[in-house]
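To be precise, the following lines are protein33.txt, and they hold compact mmCIF, C-alpha atoms.
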```txt
# COMPACT_ATOMS: atom_id res chain seq x y z
CA MET A 1428 0.00 0.00 0.00
CA ASP A 1429 1.33 3.43 -0.94
CA LYS A 1430 1.29 5.50 2.24
CA LYS A 1431 2.65 8.73 0.78
CA GLY A 1432 -0.71 10.49 0.65
CA SER A 1433 -2.70 12.25 -2.01
CA PHE A 1434 -4.98 15.22 -1.76
CA LEU A 1435 -7.07 14.00 -4.73
CA GLY A 1436 -8.42 11.02 -2.78
CA ILE A 1437 -9.10 13.21 0.23
CA ALA A 1438 -10.90 15.76 -1.94
CA ILE A 1439 -13.08 13.05 -3.50
CA VAL A 1440 -14.00 11.65 -0.08
CA MET A 1441 -14.77 15.13 1.26
CA ILE A 1442 -17.04 15.90 -1.71
CA ALA A 1443 -18.77 12.51 -1.38
CA SER A 1444 -19.19 13.06 2.38
CA LEU A 1445 -20.69 16.48 1.79
CA ALA A 1446 -23.05 15.03 -0.82
CA ILE A 1447 -24.17 12.25 1.54
CA ALA A 1448 -24.74 14.70 4.39
CA SER A 1449 -26.66 17.06 2.09
CA LEU A 1450 -28.80 14.35 0.50
CA TRP A 1451 -29.56 12.41 3.70
CA ASN A 1452 -33.09 13.79 4.05
CA VAL A 1453 -33.62 14.32 0.30
CA VAL A 1454 -32.84 10.79 -0.91
CA PRO A 1455 -34.60 8.43 1.50
CA GLN A 1456 -32.69 5.39 0.21
CA ILE A 1457 -29.48 6.69 1.80
CA SER A 1458 -30.89 7.07 5.31
CA SER A 1459 -33.06 3.94 5.01
CA ALA A 1460 -30.08 1.78 4.04
CA ILE A 1461 -27.94 3.10 6.89
CA HIS A 1462 -30.78 2.70 9.40
CA TYR A 1463 -31.35 -0.85 8.12
CA ILE A 1464 -27.69 -1.65 8.86
CA LEU A 1465 -27.06 0.34 12.06
CA ASP A 1466 -30.38 0.14 13.93
CA PRO A 1467 -30.00 -3.56 14.85
CA ILE A 1468 -26.34 -3.15 15.80
CA LEU A 1469 -25.72 0.28 17.31
CA GLY A 1470 -29.38 1.05 17.98
CA SER A 1471 -29.82 -2.04 20.12
CA LEU A 1472 -26.66 -1.17 22.05
CA LEU A 1473 -28.00 2.33 22.75
CA ASN A 1474 -31.47 0.96 23.56
CA TRP A 1475 -29.93 -1.42 26.10
CA HIS A 1476 -28.15 1.39 28.03
CA VAL A 1477 -27.69 4.70 26.29
CA THR A 1478 -24.63 5.93 28.22
CA ILE A 1479 -22.71 2.64 28.29
CA GLY A 1480 -23.76 2.00 24.69
CA MET A 1481 -22.49 5.41 23.57
CA LEU A 1482 -19.20 4.87 25.42
CA ALA A 1483 -18.81 1.45 23.76
CA ILE A 1484 -19.63 2.83 20.31
CA THR A 1485 -17.20 5.72 20.82
CA LEU A 1486 -14.46 3.31 21.93
CA ILE A 1487 -15.03 1.03 18.92
CA ILE A 1488 -15.05 3.92 16.44
CA THR A 1489 -11.93 5.41 18.04
CA LEU A 1490 -10.14 2.05 18.01
CA MET A 1491 -10.96 1.57 14.33
CA THR A 1492 -9.84 5.07 13.34
CA THR A 1493 -6.64 4.70 15.40
CA LEU A 1494 -5.81 1.39 13.70
CA ILE A 1495 -6.51 2.94 10.30
CA GLN A 1496 -4.24 5.86 11.26
CA LYS A 1497 -1.50 3.44 12.31
CA TYR A 1498 -1.63 1.17 9.27
CA GLY A 1499 -2.72 3.81 6.74
CA THR A 1500 0.30 6.04 7.35
CA ASP A 1501 4.02 5.46 7.22
CA GLN A 1502 4.78 5.56 10.93
CA GLU A 1503 8.55 5.89 10.45
CA THR A 1504 8.10 8.93 8.21
CA MET A 1505 5.62 10.39 10.70
CA ARG A 1506 8.10 9.88 13.56
CA SER A 1507 10.90 11.59 11.64
CA LEU A 1508 8.60 14.48 10.67
CA LYS A 1509 7.51 14.86 14.28
CA ALA A 1510 11.15 14.89 15.44
CA GLU A 1511 11.95 17.51 12.79
CA GLN A 1512 8.98 19.59 13.94
CA LYS A 1513 10.21 19.41 17.53
CA LYS A 1514 13.69 20.51 16.43
CA LEU A 1515 12.20 23.48 14.55
CA SER A 1516 10.26 24.51 17.66
CA GLU A 1517 13.40 24.34 19.78
CA ASP A 1518 15.32 26.39 17.19
CA MET A 1519 12.57 29.01 17.19
CA LYS A 1520 12.84 29.32 20.98
CA GLN A 1521 16.61 29.59 20.72
CA TYR A 1522 16.49 32.37 18.10
CA LYS A 1523 13.47 34.26 19.48
CA ASN A 1524 15.44 37.54 19.59
CA GLN A 1525 16.66 37.25 15.97
CA PRO A 1526 13.77 38.20 13.64
CA ASP A 1527 15.62 37.21 10.43
CA LYS A 1528 16.32 33.72 11.72
CA ILE A 1529 12.74 33.38 12.99
CA MET A 1530 11.39 34.33 9.54
CA GLU A 1531 13.59 31.68 7.94
CA LEU A 1532 12.46 29.07 10.47
CA ASN A 1533 8.80 30.07 9.98
CA LYS A 1534 9.18 29.54 6.23
CA LYS A 1535 10.72 26.11 6.87
CA GLN A 1536 7.94 25.26 9.30
CA PHE A 1537 5.26 26.28 6.80
CA GLU A 1538 6.76 23.99 4.12
CA PHE A 1539 7.06 21.24 6.70
CA MET A 1540 3.39 21.54 7.73
CA GLY A 1541 2.23 20.70 4.19
CA GLU A 1542 4.35 17.55 4.17
CA MET A 1543 3.09 16.54 7.61
CA MET A 1544 -0.51 17.14 6.59
CA LYS A 1545 -0.07 15.14 3.38
CA HIS A 1546 1.06 12.11 5.35
CA SER A 1547 -1.34 12.37 8.28
CA MET A 1548 -4.54 13.09 6.32
CA ARG A 1549 -4.43 9.93 4.19
CA PRO A 1550 -6.63 7.84 6.53
CA ILE A 1551 -9.51 10.26 5.86
CA ILE A 1552 -9.92 8.41 2.56
CA TYR A 1553 -10.96 5.34 4.55
CA THR A 1554 -12.82 6.96 7.44
CA GLY A 1555 -14.51 10.05 6.00
CA ILE A 1556 -17.66 8.58 4.49
CA PRO A 1557 -18.32 6.00 7.25
CA LEU A 1558 -18.00 8.70 9.91
CA VAL A 1559 -20.41 11.00 8.08
CA LEU A 1560 -22.91 8.14 7.81
CA LEU A 1561 -22.51 7.35 11.52
CA PHE A 1562 -22.96 10.97 12.55
CA ARG A 1563 -26.07 11.33 10.41
CA TRP A 1564 -27.42 8.14 11.99
CA PHE A 1565 -26.66 9.55 15.48
CA VAL A 1566 -28.57 12.74 14.60
CA ASP A 1567 -31.62 10.67 13.63
CA TYR A 1568 -31.36 8.37 16.65
CA PHE A 1569 -31.04 11.14 19.25
CA ALA A 1570 -33.74 13.25 17.55
CA GLN A 1571 -36.19 10.58 18.78
CA ILE A 1572 -35.14 11.21 22.40
CA PRO A 1573 -36.22 14.77 23.25
CA ASP A 1574 -33.73 16.81 25.29
CA PHE A 1575 -31.59 13.80 26.25
CA LYS A 1576 -28.33 14.70 28.00
CA PHE A 1577 -25.51 12.34 28.98
CA PHE A 1578 -24.54 12.79 32.63
CA GLY A 1579 -27.27 15.43 32.78
CA PHE A 1580 -25.53 18.02 30.58
CA LEU A 1581 -23.75 16.55 27.50
CA THR A 1582 -25.38 16.20 24.09
CA TRP A 1583 -24.47 13.12 22.06
CA LEU A 1584 -21.98 15.14 19.99
CA TRP A 1585 -20.11 16.49 23.02
CA MET A 1586 -20.17 13.03 24.59
CA TYR A 1587 -18.64 11.56 21.44
CA LEU A 1588 -16.02 14.32 21.06
CA ILE A 1589 -14.84 14.30 24.67
CA PHE A 1590 -14.61 10.53 25.00
CA SER A 1591 -13.10 10.03 21.54
CA ILE A 1592 -10.28 12.39 22.57
CA VAL A 1593 -9.78 10.47 25.82
CA PHE A 1594 -9.91 7.06 24.12
CA SER A 1595 -7.71 8.25 21.24
CA THR A 1596 -5.03 9.51 23.61
CA VAL A 1597 -4.92 6.20 25.46
CA LEU A 1598 -5.09 4.05 22.31
CA ARG A 1599 -2.36 6.05 20.54
CA LYS A 1600 -0.04 5.48 23.51
CA VAL A 1601 -0.86 1.78 23.80
CA LEU A 1602 -0.66 1.12 20.04
CA LYS A 1603 2.35 3.46 19.56
CA VAL A 1604 0.71 5.57 16.86
CA VAL A 1605 2.37 8.84 15.90
```

Can you dump the structure from the file as C-alpha cells?
Amino acid sequence: MDKKGSFLGIAIVMIASLAIASLWNVVPQISSAIHYILDPILGSLLNWHVTIGMLAITLIITLMTTLIQKYGTDQETMRSLKAEQKKLSEDMKQYKNQPDKIMELNKKQFEFMGEMMKHSMRPIIYTGIPLVLLFRWFVDYFAQIPDFKFFGFLTWLWMYLIFSIVFSTVLRKVLKVV
C-alpha cells in the first residue's frame, strides 16, 4: 500500500461526504439503508443502556480510526517528521530575539506543515464517508429522544467528542501511533 498520501483522494472523499450529508433527508434510500444496517447493531446497544452504549460505540469507532491511522500512514516517516517539527520549535525558541532567523524558520515550518498534513490526512480516505454516515445516523437516533443529556448536561456530539479524545489519547499510547 502506498502511504505517501494524495490530496485528490481526500478531496473526492470530502465531496462525497458532503453530498451524503446534504442528501440524507432528500434521498430516503441513503438514510433507510444506513438505518437498516445500524439500527439492529448500534441502535440495540444504545437501547440497552444509552450511556454505556455510547461509550462502547465511541471506543469502537476510536479504536478503528486509530488502527486505520496506524496502518494507513508510514509511521517511520511520521516519527521523523515529528522529530523535525520538535527541532524546529526548539530552534525558534533559541532564536526568538533574531527576527531574520525566525522568519527563515517560519518559512521552513510552513513547508514542513504541508508535508506533515499530506502524510497524516491519508486515513480520511478510509474513514470520512463511514463517519459522516454514523454521525447522520446519530442525529436521527437522538432526535427521537427529546432533550436527552448524557450525565445530565452533555449532548451526544459532546459526549462523542470528549470521550473520543480520551480514548484516542490512550489508544495512541498503547498502540504506539504517531

**Prompt:** Between A:Gln1496, A:Leu1469, A:Met1543, A:Met1505, which one has atoms that come closest to A:Ala1483, using all atoms listed in the file?
**Reply:**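 Nearest candidate to A:Ala1483 out of A:Gln1496, A:Leu1469, A:Met1543, A:Met1505: A:Leu1469.
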
**Item:** Of the listed residues A:Leu1515, A:Leu1584, A:Pro1550, A:Lys1497, that which approaches A:Lys1528 most closely, counting only C-alpha atoms
**Value:**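 Looking only at the distances to A:Lys1528, the closest residue turns out to be A:Leu1515.
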
**Message:** Just the number, please: distance in Å from atom CA of A:Lys1545 to atom CA of A:Lys1514, one decimal.
**Reply:**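 The value is 19.7 Å.
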
**Prompt:** Do you have the atom CA of A:Phe1537-atom CA of A:Lys1603 distance handy?
**Reply:**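 A separation of 26.3 Å between them.
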
Check which residues of stretch 1464-1562 of chain A sit at most 7 Å from stretch 1439-1449 of chain A using all atoms listed in the file, and return one row each with the closest pair of atoms and their distance in Å to one decimal, ordered by chain and rising number, as CSV.
```
residue,atom,partner,partner_atom,distance
A:Ile1552,CA,A:Val1440,CA,5.8
A:Gly1555,CA,A:Val1440,CA,6.3
A:Ile1556,CA,A:Ser1444,CA,5.2
A:Val1559,CA,A:Ser1444,CA,6.2
```

**Request:** Please provide the set of residues having any atom within 12 Å of A:Arg1563, restricted to only C-alpha atoms, with same-chain residues fewer than 2 positions apart removed, written as a PyMOL selection string.
**Result:** chain A and resi 1444-1445+1447-1452+1457-1459+1461-1462+1465+1556-1561+1565-1570+1583-1584

**Asked** So which residues fall inside 12 Å of (-4.1, 15.3, 5.5) if we count all atoms listed in the file? Mind giving them as a list in words?
**Response**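 Counting all atoms listed in the file, I find these residues within 12 Å of (-4.1, 15.3, 5.5): Lys1430, Lys1431, Gly1432, Ser1433, Phe1434, Leu1435, Gly1436, Ile1437, Ala1438, Val1440, Met1441, Gln1496, Gly1499, Thr1500, Met1540, Gly1541, Glu1542, Met1543, Met1544, Lys1545, His1546, Ser1547, Met1548, Arg1549, Pro1550, Ile1551, Ile1552 and Gly1555 of chain A.
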
**Straight-line distance linking atom CA of A:Leu1588 with atom CA of A:Ser1516, stated in Å to one decimal** =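 These atoms are spaced 28.4 Å apart.
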
**Prompt:** Which is closest to A:Gly1579 among A:Thr1478, A:Gln1456, A:Val1601, A:Tyr1522, if we use all atoms listed in the file?
**Reply:** A:Thr1478

**Prompt:** Near A:Leu1486, within 12 Å and counting all atoms listed in the file, which residues show up once chain neighbours fewer than 4 positions away are dropped, as a list in words?
**Reply:**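 Counting all atoms listed in the file, the residues come to Ile1479, Gly1480, Met1481, Leu1482, Leu1490, Met1491, Thr1492, Thr1493, Met1586, Tyr1587, Leu1588, Ile1589, Phe1590, Ser1591, Ile1592, Val1593, Phe1594, Ser1595, Thr1596, Val1597 and Leu1598 of chain A.
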
Using the selection just defined, write its residues with C-alpha atoms as a PDB file, in the coordinates of the input.
```
ATOM      1  CA  ILE A1479     -22.710   2.640  28.290  1.00  0.00           C
ATOM      2  CA  GLY A1480     -23.760   2.000  24.690  1.00  0.00           C
ATOM      3  CA  MET A1481     -22.490   5.410  23.570  1.00  0.00           C
ATOM      4  CA  LEU A1482     -19.200   4.870  25.420  1.00  0.00           C
ATOM      5  CA  LEU A1490     -10.140   2.050  18.010  1.00  0.00           C
ATOM      6  CA  MET A1491     -10.960   1.570  14.330  1.00  0.00           C
ATOM      7  CA  THR A1492      -9.840   5.070  13.340  1.00  0.00           C
ATOM      8  CA  THR A1493      -6.640   4.700  15.400  1.00  0.00           C
ATOM      9  CA  MET A1586     -20.170  13.030  24.590  1.00  0.00           C
ATOM     10  CA  TYR A1587     -18.640  11.560  21.440  1.00  0.00           C
ATOM     11  CA  LEU A1588     -16.020  14.320  21.060  1.00  0.00           C
ATOM     12  CA  ILE A1589     -14.840  14.300  24.670  1.00  0.00           C
ATOM     13  CA  PHE A1590     -14.610  10.530  25.000  1.00  0.00           C
ATOM     14  CA  SER A1591     -13.100  10.030  21.540  1.00  0.00           C
ATOM     15  CA  ILE A1592     -10.280  12.390  22.570  1.00  0.00           C
ATOM     16  CA  VAL A1593      -9.780  10.470  25.820  1.00  0.00           C
ATOM     17  CA  PHE A1594      -9.910   7.060  24.120  1.00  0.00           C
ATOM     18  CA  SER A1595      -7.710   8.250  21.240  1.00  0.00           C
ATOM     19  CA  THR A1596      -5.030   9.510  23.610  1.00  0.00           C
ATOM     20  CA  VAL A1597      -4.920   6.200  25.460  1.00  0.00           C
ATOM     21  CA  LEU A1598      -5.090   4.050  22.310  1.00  0.00           C
TER      22      LEU A1598
END
```

Would you pick out the contacts of A:Leu1532 at 12 Å or less, using all atoms listed in the file, so that residues sharing its chain but fewer than 4 positions from it are not included, and give the list as a short mmCIF file (atom, residue, chain, number, x, y, z; two decimals) with C-alpha atoms, in the coordinates of the input?
```
data_model
loop_
_atom_site.label_atom_id
_atom_site.label_comp_id
_atom_site.auth_asym_id
_atom_site.auth_seq_id
_atom_site.Cartn_x
_atom_site.Cartn_y
_atom_site.Cartn_z
CA GLU A 1511 11.95 17.51 12.79
CA GLN A 1512 8.98 19.59 13.94
CA LYS A 1514 13.69 20.51 16.43
CA LEU A 1515 12.20 23.48 14.55
CA SER A 1516 10.26 24.51 17.66
CA GLU A 1517 13.40 24.34 19.78
CA ASP A 1518 15.32 26.39 17.19
CA MET A 1519 12.57 29.01 17.19
CA LYS A 1520 12.84 29.32 20.98
CA GLN A 1521 16.61 29.59 20.72
CA TYR A 1522 16.49 32.37 18.10
CA LYS A 1523 13.47 34.26 19.48
CA GLN A 1525 16.66 37.25 15.97
CA PRO A 1526 13.77 38.20 13.64
CA ASP A 1527 15.62 37.21 10.43
CA LYS A 1528 16.32 33.72 11.72
CA GLN A 1536 7.94 25.26 9.30
CA PHE A 1537 5.26 26.28 6.80
CA GLU A 1538 6.76 23.99 4.12
CA PHE A 1539 7.06 21.24 6.70
#
```

**Message:** Under the rule that only C-alpha atoms are counted, which of A:Ser1507, A:Ile1572, A:Val1605, A:Phe1580 is the nearest residue to A:Asn1474?
**Reply:**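 Ranked by minimum distance to A:Asn1474, first place goes to A:Ile1572.
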